[in-house]
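One structure is given here, and the rest of the page talks about it.
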Amino acid sequence: MLKEAIHHENFGIYAYPKTQNELNLRLRVAKNDISECYVYYTDRYDYTSNLLYKKMQHFSYDEYYDYFNCTIKLESKRFKYFFKLIDVNGQHLYYLENGFKRDFPENTLNGGYFQYPYINYDDILDMPHWCKNAIFYHIFPDRFCNGDRNNDPAEVQQWGTKPHRNSFFGGDIKGIISKLNYLQDLGVNAIYLTPVFLSNSNHKYDIIDYYKIDPHFGTLDDMRELVYQAHNRGIRIVLDAVFNHCSNENKIFMDVVKNGKKSLYADWFYIQEFPIQTKPVPNYETFGVNICNMPRLNTSNPKVREYLIKVAEYWTRELDIDGWRLDVADEVSHGFWKEFRARLKSIKKDIFIIGEVWYYATPWLMGDEFDSVMNYPFRQAVIDFFVKRSLDKDGFIIRLNKYFVRYKDEIPYYLLNLLGSHDTPRFLSVCDGDVEKMKLAVIFTMTFVGIPMIYYGDEIGITGGDDPDCRKTMIWDGEVPEPELFDLYKRLIEIRKNNPVLVDGSIKFIDLSSNKYVLAFVRDNGSEKVMVIINNNDYDIKIEIDKTNFQKGQVTDLLCGKKYTFTTIGNREIASININSMDAVLLI
């Protein structure tokens, strides 16, 4: 037994409450080393020999480890526990907080058990449940639709032409309102907007005034109307909070430029010396590297914290929005986000808080900061398997499994799974224009655990490289580049909405083929199962499925409606499924 690999902690993702009297436990062991695992437990003040025990289930794995999981329950809400491990050779060992024992541990005051002292109500993960059922649509307002030419910037570029770094096209709030029926028809029920507050840039990530809607986008009344019209269609609205930095034209920073050390706001930024200078490099911290027009805010300063949180409180109340996406969230202090969450949730309990973190975001997703993050690791894994094929299915599954072992059980269902954003090349361009590759990626996104997010125009096949090319204008007139993509998105969204198992069902990867690019998994919510089989090969394949995964004598492909009947061959009931190259089936 490889003891060095065995790990548990009585906090974090390894021990956390699921309900008022249920505790979820995880245990990490070396891969293929442990065959069985049990947890023994009782009330932390119970010193009798009447221990309860439960077998743990193997629930995931990665390159080096297996992970076991179970939920234990005590009405007292106070736990102490230890583990019994049995390796593949039948040898057993007990694992306690103070180490390993060969013999059954005594239940004494100093027994060395792991302890979870008490489940407090506010330690239980509390998620905004509407988000699980969301289909997000990500809009860059200047490029989506121009609904009011009277508020256009002075030098507006012709719609449809190639964008440059400083291009303006005149997209605005009224334009978004005018296209809500389009989004409703697509099946979208949540919109994430990049910033809409006063700024001189087209992207608005350098905010001059946090309390003013940018006049080139519209008015406060326009924003109110957008939220009202969206809500009437069952569509939620999420705004972008830029609290890591602001514009160098923001009056707060300008006061520091003017008054130096004497400014009331001198400690609102990270100033290295006075007076402030921008050349040859700024003598203050900025967003990115020496981007002088975006001075970095000191979010550890209580006054800065109060100012910015009040901004979010104001807009949440004023507009009745449904969430905030938090820009450069990983560079803002944890203390700030903890307070941000508490205060925003007190205004609107089910407000959805999404961080921008480009890697695994465990520290921010423990239940006291964010509800979700934009899942960029998901995007990269999808690219590596479906586009580059630098990962085979085994490597792909291991990459995906990391979402389940690095987060509490519920969190993967709330991650925003994206194929593209305003900060990445368009997914169809990543595929070098190969629509079939993109279709497979879309099918996987819509059937995997988590919230699908569509970057505006991806659903019709808009292409583009790095910024600013990924921020082309939406196509409203003329020929749609890839109409089949739109039909697929719409069909998959409908399937997802009509089959709750694809929203809340567990996931289990299954091995139906030795082929390294045939991916299969089952979503199961206890009352319904859907089997997804994706053929990521340039040739057709034939797959045999066993009836043990289904209760009926016949299954239907949700994508095309084709039915398959199980037949008895020997002692098995199987159905043969032919799957075309670069295609998939969703069997129910």
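Letters for chains follow the order of the structure tokens (A, B, ...), residue numbers begin at 1 for each chain, and ligand numbers begin at 1 in the order shown.
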
Next item on the list: Pull the strand (DSSP E) assignments for region 212-299 of chain A out of DSSP run on the backbone, and list those residues as a VMD selection string.
Entry: chain A and resid 212 to 213 236 to 241

Notebook entry, point to check: Any idea what's packed within 12 Å of Lys310 (chain A), counting only C-alpha atoms, ignoring anything in its chain fewer than 2 positions away? Could you give it as a ChimeraX atom specification?
Noted result: /A:210-211,241,243,303-308,312-318,339-340,343-344,347

Create the file for the chosen residues now, containing N, CA and C atoms and written as a PDB file, in the first residue's frame.
ATOM      1  N   TYR A 210     -18.194  54.791 -12.688  1.00  0.00           N
ATOM      2  CA  TYR A 210     -18.896  53.547 -12.377  1.00  0.00           C
ATOM      3  C   TYR A 210     -20.402  53.731 -12.229  1.00  0.00           C
ATOM      4  N   TYR A 211     -20.841  54.975 -12.104  1.00  0.00           N
ATOM      5  CA  TYR A 211     -22.257  55.235 -11.873  1.00  0.00           C
ATOM      6  C   TYR A 211     -22.970  55.773 -13.109  1.00  0.00           C
ATOM      7  N   ALA A 241     -18.263  43.483 -13.775  1.00  0.00           N
ATOM      8  CA  ALA A 241     -17.691  44.361 -12.753  1.00  0.00           C
ATOM      9  C   ALA A 241     -16.183  44.436 -12.938  1.00  0.00           C
ATOM     10  N   PHE A 243     -13.264  45.758 -11.145  1.00  0.00           N
ATOM     11  CA  PHE A 243     -12.866  46.299  -9.852  1.00  0.00           C
ATOM     12  C   PHE A 243     -11.373  46.118  -9.573  1.00  0.00           C
ATOM     13  N   LYS A 303     -11.572  51.679   2.236  1.00  0.00           N
ATOM     14  CA  LYS A 303     -12.330  52.728   1.555  1.00  0.00           C
ATOM     15  C   LYS A 303     -12.595  52.360   0.101  1.00  0.00           C
ATOM     16  N   VAL A 304     -11.607  51.760  -0.551  1.00  0.00           N
ATOM     17  CA  VAL A 304     -11.788  51.294  -1.930  1.00  0.00           C
ATOM     18  C   VAL A 304     -12.833  50.183  -1.955  1.00  0.00           C
ATOM     19  N   ARG A 305     -12.715  49.280  -1.020  1.00  0.00           N
ATOM     20  CA  ARG A 305     -13.650  48.158  -0.921  1.00  0.00           C
ATOM     21  C   ARG A 305     -15.088  48.672  -0.780  1.00  0.00           C
ATOM     22  N   GLU A 306     -15.280  49.629   0.113  1.00  0.00           N
ATOM     23  CA  GLU A 306     -16.619  50.164   0.349  1.00  0.00           C
ATOM     24  C   GLU A 306     -17.156  50.868  -0.902  1.00  0.00           C
ATOM     25  N   TYR A 307     -16.293  51.646  -1.551  1.00  0.00           N
ATOM     26  CA  TYR A 307     -16.720  52.369  -2.757  1.00  0.00           C
ATOM     27  C   TYR A 307     -17.176  51.394  -3.845  1.00  0.00           C
ATOM     28  N   LEU A 308     -16.382  50.385  -4.123  1.00  0.00           N
ATOM     29  CA  LEU A 308     -16.681  49.476  -5.234  1.00  0.00           C
ATOM     30  C   LEU A 308     -17.869  48.568  -4.923  1.00  0.00           C
ATOM     31  N   ALA A 312     -21.641  48.033  -6.945  1.00  0.00           N
ATOM     32  CA  ALA A 312     -22.363  46.799  -7.294  1.00  0.00           C
ATOM     33  C   ALA A 312     -23.730  46.757  -6.630  1.00  0.00           C
ATOM     34  N   GLU A 313     -23.807  47.204  -5.384  1.00  0.00           N
ATOM     35  CA  GLU A 313     -25.100  47.238  -4.691  1.00  0.00           C
ATOM     36  C   GLU A 313     -26.068  48.172  -5.415  1.00  0.00           C
ATOM     37  N   TYR A 314     -25.571  49.320  -5.826  1.00  0.00           N
ATOM     38  CA  TYR A 314     -26.424  50.303  -6.505  1.00  0.00           C
ATOM     39  C   TYR A 314     -27.030  49.727  -7.769  1.00  0.00           C
ATOM     40  N   TRP A 315     -26.194  49.137  -8.637  1.00  0.00           N
ATOM     41  CA  TRP A 315     -26.705  48.642  -9.914  1.00  0.00           C
ATOM     42  C   TRP A 315     -27.581  47.401  -9.741  1.00  0.00           C
ATOM     43  N   THR A 316     -27.281  46.600  -8.734  1.00  0.00           N
ATOM     44  CA  THR A 316     -28.124  45.434  -8.472  1.00  0.00           C
ATOM     45  C   THR A 316     -29.534  45.876  -8.103  1.00  0.00           C
ATOM     46  N   ARG A 317     -29.616  46.886  -7.249  1.00  0.00           N
ATOM     47  CA  ARG A 317     -30.933  47.397  -6.848  1.00  0.00           C
ATOM     48  C   ARG A 317     -31.592  48.185  -7.975  1.00  0.00           C
ATOM     49  N   GLU A 318     -30.814  49.027  -8.610  1.00  0.00           N
ATOM     50  CA  GLU A 318     -31.360  49.942  -9.615  1.00  0.00           C
ATOM     51  C   GLU A 318     -31.923  49.205 -10.823  1.00  0.00           C
ATOM     52  N   GLU A 339     -16.541  39.861   1.235  1.00  0.00           N
ATOM     53  CA  GLU A 339     -17.495  40.902   1.617  1.00  0.00           C
ATOM     54  C   GLU A 339     -18.463  41.198   0.473  1.00  0.00           C
ATOM     55  N   PHE A 340     -17.934  41.233  -0.744  1.00  0.00           N
ATOM     56  CA  PHE A 340     -18.768  41.456  -1.933  1.00  0.00           C
ATOM     57  C   PHE A 340     -19.906  40.438  -1.974  1.00  0.00           C
ATOM     58  N   ARG A 343     -22.604  40.886   0.888  1.00  0.00           N
ATOM     59  CA  ARG A 343     -23.471  42.063   0.736  1.00  0.00           C
ATOM     60  C   ARG A 343     -24.385  41.967  -0.468  1.00  0.00           C
ATOM     61  N   LEU A 344     -23.892  41.393  -1.560  1.00  0.00           N
ATOM     62  CA  LEU A 344     -24.740  41.248  -2.746  1.00  0.00           C
ATOM     63  C   LEU A 344     -25.812  40.193  -2.517  1.00  0.00           C
ATOM     64  N   ILE A 347     -28.829  41.416  -0.746  1.00  0.00           N
ATOM     65  CA  ILE A 347     -29.768  42.174  -1.584  1.00  0.00           C
ATOM     66  C   ILE A 347     -30.605  41.236  -2.433  1.00  0.00           C
TER      67      ILE A 347
END

Notebook entry, point to check: region 241-478 of chain A: which residues are helix (DSSP H, G or I) by DSSP, as number ranges by chain?
Noted result: A: 251-262, 266-268, 302-319, 329-331, 334-347, 362-364, 376-387, 393-406, 411-414, 427-430, 435-447, 458-460, 469-471

Item checked: Atomic distance CA of Leu512 (chain A) - CA of Ile543 (chain A), expressed in Å with one decimal -> 6.9 Å

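Among A:Phe269, A:Tyr205, A:Phe197, A:Phe136, the residue with the shortest atom-to-atom distance to Met446 (chain A), counting only C-alpha atoms, is A:Phe136.
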